[in-house]
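**Q** Got final.csv for you, CSV, C-alpha atoms and all ligand atoms:
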```
chain,number,residue,atom,x,y,z
A,1,MET,CA,-43.4,44.9,7.1
A,2,ALA,CA,-40.9,44.7,4.3
A,3,PRO,CA,-41.1,47.4,1.6
A,4,ALA,CA,-41.9,44.8,-1.0
A,5,ASP,CA,-45.0,43.8,0.9
A,6,ILE,CA,-46.4,47.3,0.7
A,7,VAL,CA,-48.9,47.8,-2.0
A,8,ARG,CA,-49.4,51.5,-1.5
A,9,PRO,CA,-46.6,53.6,-3.0
A,10,THR,CA,-46.7,55.8,0.1
A,11,HIS,CA,-44.9,55.0,3.3
A,12,VAL,CA,-43.1,56.3,6.3
A,13,GLU,CA,-39.6,55.0,6.7
A,14,VAL,CA,-38.3,54.9,10.3
A,15,ASN,CA,-34.5,54.5,10.7
A,16,LEU,CA,-34.0,52.5,14.0
A,17,SER,CA,-30.3,53.3,13.9
A,18,CYS,CA,-31.1,57.0,14.3
A,19,LEU,CA,-33.5,56.3,17.2
A,20,GLU,CA,-30.8,54.3,18.8
A,21,ARG,CA,-28.2,57.0,18.5
A,22,ASN,CA,-30.6,59.6,19.8
A,23,PHE,CA,-31.4,57.5,22.8
A,24,THR,CA,-27.8,56.8,23.5
A,25,ALA,CA,-26.9,60.5,23.2
A,26,ILE,CA,-29.6,61.5,25.6
A,27,ARG,CA,-28.5,58.8,28.1
A,28,GLN,CA,-24.9,60.1,28.0
A,29,HIS,CA,-26.0,63.7,28.4
A,30,VAL,CA,-28.1,63.0,31.5
A,31,GLY,CA,-25.5,60.9,33.3
A,32,SER,CA,-27.0,59.0,36.2
A,33,ALA,CA,-30.6,60.0,35.6
A,34,LYS,CA,-32.8,57.3,34.3
A,35,VAL,CA,-34.4,57.8,30.8
A,36,MET,CA,-38.1,57.3,30.1
A,37,PRO,CA,-38.7,57.5,26.3
A,38,VAL,CA,-42.1,59.1,25.8
A,39,LEU,CA,-44.1,57.0,23.3
A,40,LYS,CA,-47.5,58.6,23.3
A,41,ALA,CA,-49.4,59.3,20.0
A,42,ASN,CA,-48.0,56.2,18.3
A,43,ALA,CA,-44.5,57.2,19.4
A,44,TYR,CA,-44.9,60.6,17.7
A,45,GLY,CA,-46.0,58.8,14.6
A,46,HIS,CA,-43.0,56.4,14.5
A,47,GLY,CA,-45.0,53.3,15.7
A,48,LEU,CA,-45.7,52.6,19.3
A,49,VAL,CA,-44.8,48.9,19.6
A,50,GLU,CA,-41.7,49.0,17.3
A,51,VAL,CA,-40.2,52.0,19.1
A,52,ALA,CA,-41.0,50.5,22.5
A,53,ARG,CA,-39.3,47.2,21.6
A,54,LEU,CA,-36.2,49.1,20.5
A,55,MET,CA,-36.1,51.2,23.6
A,56,VAL,CA,-36.5,48.2,25.9
A,57,GLY,CA,-33.7,46.5,24.0
A,58,LEU,CA,-31.5,49.5,24.6
A,59,GLY,CA,-32.1,49.3,28.3
A,60,ALA,CA,-34.7,52.1,28.7
A,61,ASP,CA,-35.6,52.3,32.4
A,62,TYR,CA,-39.3,53.2,31.9
A,63,LEU,CA,-41.7,53.9,29.1
A,64,GLY,CA,-44.1,56.9,29.0
A,65,ALA,CA,-47.5,56.8,27.5
A,66,ALA,CA,-50.4,59.3,27.5
A,67,PHE,CA,-53.4,57.0,27.8
A,68,LEU,CA,-54.4,53.7,29.3
A,69,GLU,CA,-55.1,52.4,25.8
A,70,GLU,CA,-51.5,53.0,24.8
A,71,GLY,CA,-50.3,51.1,27.9
A,72,LEU,CA,-52.6,48.2,27.1
A,73,LEU,CA,-51.2,48.0,23.5
A,74,LEU,CA,-47.7,47.7,24.9
A,75,ARG,CA,-48.8,44.9,27.3
A,76,GLN,CA,-50.7,43.1,24.5
A,77,ALA,CA,-47.5,43.2,22.5
A,78,GLY,CA,-45.8,41.4,25.3
A,79,ILE,CA,-43.8,44.3,26.6
A,80,THR,CA,-43.3,43.9,30.3
A,81,ALA,CA,-41.1,47.0,31.0
A,82,PRO,CA,-42.6,49.6,33.5
A,83,VAL,CA,-45.0,52.0,31.8
A,84,LEU,CA,-46.1,55.2,33.3
A,85,VAL,CA,-49.3,56.6,31.9
A,86,LEU,CA,-48.9,60.4,32.0
A,87,GLY,CA,-52.4,61.6,31.2
A,88,SER,CA,-55.2,62.0,33.6
A,89,LEU,CA,-57.4,58.9,34.2
A,90,ALA,CA,-61.1,58.2,34.5
A,91,GLY,CA,-62.1,56.4,37.7
A,92,GLU,CA,-63.6,53.4,36.0
A,93,GLN,CA,-60.3,52.7,34.2
A,94,ILE,CA,-58.3,52.2,37.4
A,95,PRO,CA,-58.7,48.4,37.7
A,96,ARG,CA,-57.5,47.9,34.1
A,97,PHE,CA,-54.3,49.8,35.0
A,98,ILE,CA,-53.6,47.8,38.1
A,99,GLN,CA,-54.4,44.4,36.5
A,100,ASN,CA,-52.0,45.2,33.7
A,101,ASP,CA,-49.2,46.5,35.9
A,102,LEU,CA,-49.4,50.0,34.4
A,103,THR,CA,-48.2,52.8,36.6
A,104,LEU,CA,-50.9,55.4,37.4
A,105,THR,CA,-50.6,59.1,37.7
A,106,ALA,CA,-52.3,60.4,40.9
A,107,SER,CA,-53.1,64.0,40.3
A,108,SER,CA,-55.5,64.7,43.2
A,109,ILE,CA,-56.3,63.3,46.7
A,110,ASP,CA,-59.6,61.9,45.2
A,111,LYS,CA,-57.8,60.0,42.5
A,112,LEU,CA,-55.2,58.7,44.9
A,113,GLN,CA,-58.0,57.3,47.2
A,114,LEU,CA,-59.8,55.8,44.3
A,115,ILE,CA,-56.6,54.0,43.2
A,116,ASP,CA,-56.0,52.8,46.8
A,117,GLU,CA,-59.6,51.4,47.0
A,118,ALA,CA,-59.4,49.7,43.6
A,119,ALA,CA,-56.1,48.1,44.5
A,120,ALA,CA,-57.6,46.9,47.9
A,121,ALA,CA,-60.6,45.4,46.1
A,122,LEU,CA,-58.3,43.5,43.7
A,123,ASN,CA,-56.0,42.5,46.5
A,124,LEU,CA,-53.1,44.0,44.4
A,125,ARG,CA,-50.6,46.8,44.9
A,126,ALA,CA,-50.9,49.8,42.5
A,127,LYS,CA,-47.8,51.6,41.4
A,128,VAL,CA,-48.3,55.4,41.5
A,129,HIS,CA,-46.5,58.6,40.5
A,130,LEU,CA,-47.9,61.7,42.2
A,131,LYS,CA,-48.4,64.7,39.8
A,132,VAL,CA,-47.7,68.2,41.0
A,133,ASP,CA,-48.7,71.3,39.0
A,134,THR,CA,-45.9,73.9,39.3
A,135,GLY,CA,-47.1,76.3,36.7
A,136,MET,CA,-48.8,74.6,33.7
A,137,GLU,CA,-52.4,74.6,35.0
A,138,ARG,CA,-53.3,71.4,33.3
A,139,VAL,CA,-53.4,68.3,35.5
A,140,GLY,CA,-51.9,67.9,38.9
A,141,ILE,CA,-52.3,69.2,42.4
A,142,HIS,CA,-51.1,72.8,42.8
A,143,HIS,CA,-47.7,73.0,44.3
A,144,TYR,CA,-49.0,75.0,47.3
A,145,SER,CA,-51.6,72.2,48.1
A,146,ALA,CA,-49.2,69.3,47.3
A,147,PRO,CA,-48.2,68.6,50.9
A,148,LYS,CA,-51.8,67.3,51.5
A,149,LEU,CA,-51.5,64.9,48.6
A,150,LEU,CA,-48.1,63.7,49.9
A,151,GLU,CA,-49.5,63.2,53.4
A,152,ALA,CA,-52.5,61.3,52.1
A,153,SER,CA,-50.2,59.1,50.1
A,154,LEU,CA,-48.4,58.0,53.3
A,155,LEU,CA,-51.7,56.6,54.6
A,156,CYS,CA,-52.5,54.5,51.5
A,157,ARG,CA,-51.9,50.8,52.2
A,158,HIS,CA,-52.5,49.3,48.8
A,159,LEU,CA,-50.2,51.4,46.6
A,160,GLU,CA,-46.6,52.1,46.2
A,161,VAL,CA,-45.7,55.7,45.6
A,162,GLU,CA,-42.8,55.0,43.2
A,163,GLY,CA,-42.4,58.5,41.8
A,164,ILE,CA,-43.4,62.2,41.9
A,165,TYR,CA,-43.4,64.5,39.0
A,166,SER,CA,-44.2,67.8,37.4
A,167,HIS,CA,-44.2,69.2,33.8
A,168,PHE,CA,-42.7,72.3,32.3
A,169,ALA,CA,-44.9,74.8,30.3
A,170,ASN,CA,-42.1,76.5,28.4
A,171,ALA,CA,-38.7,75.1,29.1
A,172,ASP,CA,-38.1,75.4,25.3
A,173,ALA,CA,-38.0,79.2,25.4
A,174,ALA,CA,-35.0,81.4,25.4
A,175,ASP,CA,-36.2,83.0,28.6
A,176,LEU,CA,-36.0,80.2,31.2
A,177,SER,CA,-37.4,82.2,34.1
A,178,HIS,CA,-40.8,80.5,34.2
A,179,ALA,CA,-39.1,77.0,33.9
A,180,ARG,CA,-36.7,77.9,36.7
A,181,LEU,CA,-39.6,79.0,38.9
A,182,GLN,CA,-41.4,75.7,38.2
A,183,LEU,CA,-38.3,73.7,39.1
A,184,GLU,CA,-37.9,75.8,42.3
A,185,ARG,CA,-41.6,75.1,43.3
A,186,PHE,CA,-41.1,71.4,42.6
A,187,LEU,CA,-38.0,71.2,44.8
A,188,ASP,CA,-39.9,73.0,47.6
A,189,VAL,CA,-42.6,70.3,47.4
A,190,LEU,CA,-40.0,67.6,47.5
A,191,ALA,CA,-38.5,69.1,50.8
A,192,PHE,CA,-41.5,67.4,52.4
A,193,TYR,CA,-39.7,64.1,52.3
A,194,GLU,CA,-36.6,65.6,53.9
A,195,ARG,CA,-38.7,67.2,56.7
A,196,HIS,CA,-40.2,63.8,57.4
A,197,SER,CA,-36.9,62.0,57.1
A,198,LEU,CA,-38.4,59.9,54.4
A,199,PRO,CA,-36.7,58.8,51.2
A,200,ALA,CA,-38.1,60.7,48.2
A,201,PRO,CA,-39.7,58.6,45.5
A,202,MET,CA,-38.3,59.0,41.9
A,203,ARG,CA,-38.4,62.7,41.1
A,204,HIS,CA,-38.8,63.9,37.5
A,205,ILE,CA,-39.8,67.0,35.6
A,206,ALA,CA,-37.6,67.3,32.5
A,207,ASN,CA,-39.1,66.9,29.0
A,208,SER,CA,-36.9,67.3,25.9
A,209,ALA,CA,-36.5,71.0,26.6
A,210,GLY,CA,-35.5,70.4,30.2
A,211,VAL,CA,-33.0,67.8,29.0
A,212,LEU,CA,-31.5,70.3,26.6
A,213,GLN,CA,-31.6,73.5,28.5
A,214,LEU,CA,-31.8,72.8,32.3
A,215,PRO,CA,-29.3,70.2,33.5
A,216,GLU,CA,-30.4,71.0,37.1
A,217,SER,CA,-33.9,69.6,36.2
A,218,HIS,CA,-32.7,66.1,35.3
A,219,LEU,CA,-33.1,64.9,38.9
A,220,ASP,CA,-33.7,61.1,39.0
A,221,LEU,CA,-35.3,60.6,35.6
A,222,VAL,CA,-35.9,62.5,32.4
A,223,ARG,CA,-38.9,62.1,30.0
A,224,PRO,CA,-37.7,63.0,26.5
A,225,GLY,CA,-40.2,62.8,23.6
A,226,ILE,CA,-39.6,64.9,20.6
A,227,MET,CA,-35.8,64.9,20.8
A,228,LEU,CA,-35.8,61.1,20.8
A,229,TYR,CA,-37.2,61.3,17.3
A,230,GLY,CA,-34.5,63.7,16.3
A,231,VAL,CA,-36.5,66.9,16.3
A,232,TYR,CA,-35.8,69.9,18.6
A,233,PRO,CA,-38.7,71.3,20.8
A,234,SER,CA,-38.5,74.8,19.3
A,235,SER,CA,-36.2,77.0,17.3
A,236,GLU,CA,-35.1,79.0,20.4
A,237,CYS,CA,-34.2,75.9,22.4
A,238,GLN,CA,-30.5,75.3,22.7
A,239,ARG,CA,-29.3,72.2,20.9
A,240,THR,CA,-26.9,70.8,23.6
A,241,VAL,CA,-27.5,67.2,22.4
A,242,LYS,CA,-27.1,66.3,18.8
A,243,VAL,CA,-30.0,64.2,17.5
A,244,GLU,CA,-31.1,63.3,14.0
A,245,PRO,CA,-34.5,62.9,12.5
A,246,ALA,CA,-35.5,59.2,12.3
A,247,LEU,CA,-38.5,59.5,10.0
A,248,GLN,CA,-38.9,60.0,6.3
A,249,TRP,CA,-42.2,60.2,4.4
A,250,LYS,CA,-42.1,59.1,0.8
A,251,SER,CA,-44.5,58.6,-2.0
A,252,GLN,CA,-44.3,58.3,-5.8
A,253,VAL,CA,-45.4,60.2,-8.8
A,254,CYS,CA,-48.7,58.6,-10.0
A,255,TYR,CA,-49.7,60.9,-12.9
A,256,PHE,CA,-48.1,63.4,-15.3
A,257,LYS,CA,-49.8,66.0,-17.4
A,258,VAL,CA,-49.0,69.3,-19.2
A,259,VAL,CA,-51.3,72.1,-17.9
A,260,GLN,CA,-52.0,75.1,-20.2
A,261,PRO,CA,-52.1,78.7,-19.0
A,262,GLY,CA,-55.4,79.7,-17.6
A,263,SER,CA,-56.3,76.2,-16.5
A,264,PRO,CA,-56.5,76.2,-12.7
A,265,VAL,CA,-55.3,73.3,-10.6
A,266,SER,CA,-57.3,71.5,-7.9
A,267,TYR,CA,-60.3,72.3,-5.8
A,268,GLY,CA,-61.3,76.0,-5.6
A,269,SER,CA,-59.0,76.9,-8.6
A,270,THR,CA,-56.6,78.6,-6.3
A,271,TRP,CA,-53.5,78.4,-8.6
A,272,GLN,CA,-52.8,78.7,-12.3
A,273,SER,CA,-49.8,79.2,-14.5
A,274,ASP,CA,-49.3,81.9,-17.2
A,275,HIS,CA,-47.2,79.5,-19.3
A,276,PRO,CA,-47.5,75.7,-20.0
A,277,VAL,CA,-46.1,73.6,-17.1
A,278,ARG,CA,-45.7,70.0,-16.3
A,279,ILE,CA,-47.8,69.0,-13.3
A,280,VAL,CA,-47.4,65.7,-11.5
A,281,THR,CA,-49.9,64.1,-9.1
A,282,VAL,CA,-48.8,62.5,-5.8
A,283,PRO,CA,-51.2,60.1,-4.1
A,284,VAL,CA,-51.1,61.5,-0.5
A,285,GLY,CA,-53.5,64.0,1.0
A,286,TYR,CA,-54.9,65.4,4.2
A,287,GLY,CA,-56.6,62.1,4.8
A,288,ASP,CA,-53.1,60.8,5.5
A,289,GLY,CA,-52.3,63.7,7.7
A,290,TYR,CA,-50.6,65.8,5.1
A,291,PHE,CA,-52.1,69.1,6.2
A,292,ARG,CA,-54.5,70.9,3.8
A,293,ALA,CA,-52.8,74.1,5.1
A,294,LEU,CA,-49.8,73.0,3.0
A,295,SER,CA,-51.8,73.9,-0.1
A,296,ASN,CA,-49.7,76.4,-2.3
A,297,GLN,CA,-47.2,76.5,0.6
A,298,ALA,CA,-45.1,73.3,0.8
A,299,GLN,CA,-42.4,71.9,-1.3
A,300,VAL,CA,-41.5,68.2,-2.1
A,301,LEU,CA,-38.3,66.6,-3.5
A,302,ILE,CA,-38.3,64.7,-6.8
A,303,ARG,CA,-35.0,63.6,-8.3
A,304,GLY,CA,-33.1,65.6,-5.8
A,305,GLN,CA,-34.9,68.9,-6.7
A,306,ARG,CA,-37.3,71.0,-4.8
A,307,TYR,CA,-40.7,71.7,-6.3
A,308,PRO,CA,-43.8,73.5,-5.0
A,309,ILE,CA,-47.2,72.1,-4.3
A,310,VAL,CA,-49.7,73.9,-6.5
A,311,GLY,CA,-53.4,74.2,-5.8
A,312,ARG,CA,-55.2,72.7,-2.8
A,313,VAL,CA,-54.1,69.5,-1.1
A,314,CYS,CA,-57.0,67.0,-1.6
A,315,MET,CA,-58.0,64.2,0.8
A,316,ASP,CA,-55.9,61.6,-1.1
A,317,GLN,CA,-53.7,63.5,-3.6
A,318,PHE,CA,-51.9,66.8,-4.4
A,319,MET,CA,-50.3,68.3,-7.4
A,320,VAL,CA,-46.7,69.5,-7.9
A,321,ASN,CA,-45.4,72.0,-10.5
A,322,ILE,CA,-42.1,70.7,-12.0
A,323,GLU,CA,-42.1,73.5,-14.6
A,324,TRP,CA,-40.4,71.9,-17.6
A,325,ASP,CA,-38.2,69.4,-15.8
A,326,SER,CA,-38.6,65.6,-16.2
A,327,ALA,CA,-40.4,63.2,-13.9
A,328,TYR,CA,-41.9,59.8,-14.5
A,329,ASN,CA,-44.6,57.7,-12.9
A,330,GLY,CA,-43.0,55.8,-10.1
A,331,ASP,CA,-40.4,58.5,-9.3
A,332,VAL,CA,-39.9,58.9,-5.6
A,333,VAL,CA,-41.5,62.0,-4.0
A,334,THR,CA,-40.1,62.9,-0.6
A,335,LEU,CA,-42.5,64.9,1.5
A,336,LEU,CA,-40.3,64.7,4.6
A,337,GLY,CA,-36.7,63.6,4.6
A,338,ARG,CA,-33.7,63.7,2.2
A,339,ASP,CA,-33.2,63.2,-1.5
A,340,GLY,CA,-29.7,63.9,-2.8
A,341,ASN,CA,-28.5,67.1,-1.3
A,342,GLU,CA,-31.9,68.5,-0.4
A,343,THR,CA,-33.8,67.9,2.8
A,344,ILE,CA,-37.3,68.7,4.0
A,345,THR,CA,-37.6,68.7,7.8
A,346,ALA,CA,-40.5,68.5,10.2
A,347,ASP,CA,-39.7,72.1,11.1
A,348,ASP,CA,-40.1,73.1,7.4
A,349,LEU,CA,-43.5,71.4,7.2
A,350,ALA,CA,-44.5,73.0,10.5
A,351,ARG,CA,-43.6,76.5,9.3
A,352,TRP,CA,-45.4,76.0,6.0
A,353,ALA,CA,-48.5,74.7,7.7
A,354,GLY,CA,-48.4,77.2,10.6
A,355,THR,CA,-48.0,74.6,13.3
A,356,ILE,CA,-45.2,72.9,15.3
A,357,PRO,CA,-43.2,69.8,14.4
A,358,TYR,CA,-44.9,67.8,17.1
A,359,GLU,CA,-48.2,68.1,15.2
A,360,VAL,CA,-46.5,67.3,11.8
A,361,LEU,CA,-45.2,64.0,13.2
A,362,THR,CA,-48.2,62.9,15.3
A,363,ASN,CA,-50.6,63.8,12.5
A,364,ILE,CA,-49.3,61.2,10.0
A,365,ASN,CA,-52.1,58.7,10.4
A,366,THR,CA,-52.3,55.0,10.3
A,367,ARG,CA,-53.4,54.8,6.7
A,368,VAL,CA,-49.7,55.4,5.9
A,369,PRO,CA,-47.7,52.1,6.4
A,370,ARG,CA,-44.5,52.3,8.5
A,371,VAL,CA,-41.4,50.6,7.3
A,372,TYR,CA,-38.5,50.0,9.6
A,373,MET,CA,-34.9,50.0,8.5
A,374,ARG,CA,-31.4,50.5,9.8
A,375,ASP,CA,-28.3,52.3,8.4
A,376,GLN,CA,-27.0,50.3,5.4
B,1,LIG,C1,-45.4,64.7,26.1
B,1,LIG,C2,-44.8,64.7,27.4
B,1,LIG,C3,-43.4,64.7,27.5
B,1,LIG,C4,-42.4,64.7,26.4
B,1,LIG,O1,-42.4,66.0,25.9
B,1,LIG,P1,-41.3,66.5,24.7
B,1,LIG,O2,-41.5,67.9,24.6
B,1,LIG,O3,-41.8,65.8,23.5
B,1,LIG,O4,-40.0,66.0,25.1
B,1,LIG,C5,-42.9,64.6,28.8
B,1,LIG,N1,-43.7,64.6,29.9
B,1,LIG,C6,-45.0,64.7,29.8
B,1,LIG,C7,-45.9,64.7,31.0
B,1,LIG,C8,-45.6,64.7,28.6
B,1,LIG,O5,-46.9,64.8,28.5
```
Could the structure of this file be written out as structure tokens, please?

**A**
Amino acid sequence: MAPADIVRPTHVEVNLSCLERNFTAIRQHVGSAKVMPVLKANAYGHGLVEVARLMVGLGADYLGAAFLEEGLLLRQAGITAPVLVLGSLAGEQIPRFIQNDLTLTASSIDKLQLIDEAAAALNLRAKVHLKVDTGMERVGIHHYSAPKLLEASLLCRHLEVEGIYSHFANADAADLSHARLQLERFLDVLAFYERHSLPAPMRHIANSAGVLQLPESHLDLVRPGIMLYGVYPSSECQRTVKVEPALQWKSQVCYFKVVQPGSPVSYGSTWQSDHPVRIVTVPVGYGDGYFRALSNQAQVLIRGQRYPIVGRVCMDQFMVNIEWDSAYNGDVVTLLGRDGNETITADDLARWAGTIPYEVLTNINTRVPRVYMRDQ
């Protein structure tokens, strides 16, 4: 969609050149390991299909999704690259995976056998990655029970075990002892293949934090999500790869008024001034994914200056105090991104809203049109 086609004065701008540089920097950093860009949750708000097309064009080896539905959207868009669905699956979904050549995660012996049976019934071969839980306690067979899953997989006739993986719980921390323990447990599980003189399938465990902080975790493939979008997993995490934010969120001033002292602004009357101020209204709200928790907390950029949000964020609008500065209807309001020398980052918004940058990005909902551009 070209900017001119967009009626709503609010949009998210995604710079594909940034995404490209981030991907290239990750690929260089991990050397011979393959790279699976993680595209779940609408590619962390950046647009599933557009980011997938870009990544495939850049030679991404594999794409990562969370749910079957995301994999199906990729296939419907004509993307034929391998797609691993990382989330857990419901038994009745299995045929859809296999018919659409989506790689399944087998996280238990039960699931593995269901997959094998479904593939047999369809007379197709399913592609599977085994999932081992090494210390996250979410999905996956416990590392101490994993040999049973690996043995069972050797008996399946209708599937190819193409990979085996685990997931870090806190590889973004300064203290990497738990992450190191997880990696050690994973390598112990993998020794099964050596003991049986079998080639190991593709081994992977590194998320963005693993890519950044634990080079020994890169193994055969890495699964970067947040860093691909130019945001670091946490403030403690070492920034060993330089990446830049690809997404900006912009709107426009849609109303201007002078508000007198003693006249509270917005629902709940949570803010008022003790002197006359100029207040502008911005047509974005929590119904777009701009958190209500940002009420009286966040700042925006107008004409290269920072200004505070005053009063509560509404579903579709919020108000900004520009004191006695000038702003006009149609002026650009930057909620996330850069204007002149000032920048608001996903980390800033996360801090103001009491959350993490992952949630800031994935929360920008589909009511906000995405616009794609490159460096000028
Ligand atoms: C989301 C996810 C990732 C990517 O995590 P980031 O912290 O965004 O890099 C990798 N692997 C799995 C299994 C995931 O669910």

**Q** So that I can see what lies close to Asp331 of chain A, please list as a list in words the residues with an atom at most 12 Å from it, counting all atoms listed in the file and leaving out residues fewer than 5 positions away in the same chain.

**A**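 Counting only the stated atoms, we get Pro9, Thr10, Lys250, Ser251, Gln252, Val253, Cys254, Tyr255, Phe256, Val280, Thr281, Val282, Leu301, Ile302, Arg303, Gly304, Ser326 and Asp339 of chain A.
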
**Q** Produce as JSON, numbers by chain the set of residues near ligand LIG 1 (chain B), where near means within 10 Å with only C-alpha atoms and all ligand atoms considered.

**A** {"A": [36, 37, 38, 39, 40, 41, 43, 44, 64, 65, 66, 84, 85, 86, 87, 105, 131, 139, 165, 166, 167, 168, 169, 170, 171, 172, 204, 205, 206, 207, 208, 209, 210, 211, 212, 222, 223, 224, 225, 226, 227, 228, 229, 231, 232, 233, 234, 358]}

**Q** Which residues are close to Pro82 of chain A, i.e. within 7 Å by all atoms listed in the file, leaving aside same-chain residues fewer than 3 positions away? Reply as a list of chain:residue names.

**A**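 Residues meeting the cut-off are A:Tyr62, A:Leu63, A:Leu102.
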
**Q** From the set A:Thr24, A:Ile322, A:Gly140, A:Gln297, which residue has the shortest atom-to-atom contact distance to Ala353 of chain A, counting only C-alpha atoms?

**A** A:Gln297

**Q** Work out how far apart atom CA of Lys34 of chain A and atom CA of Met202 of chain A are and give it in Å to one decimal.

**A**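 Taking atom CA of Lys34 of chain A as the start and atom CA of Met202 of chain A as the end point, the length is 9.5 Å.
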
**Q** State, in Å with one decimal place, the distance from atom CA of Gly91 of chain A to atom CA of Ile115 of chain A.

**A**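 Value for the atom CA of Gly91 of chain A-atom CA of Ile115 of chain A distance: 8.1 Å.
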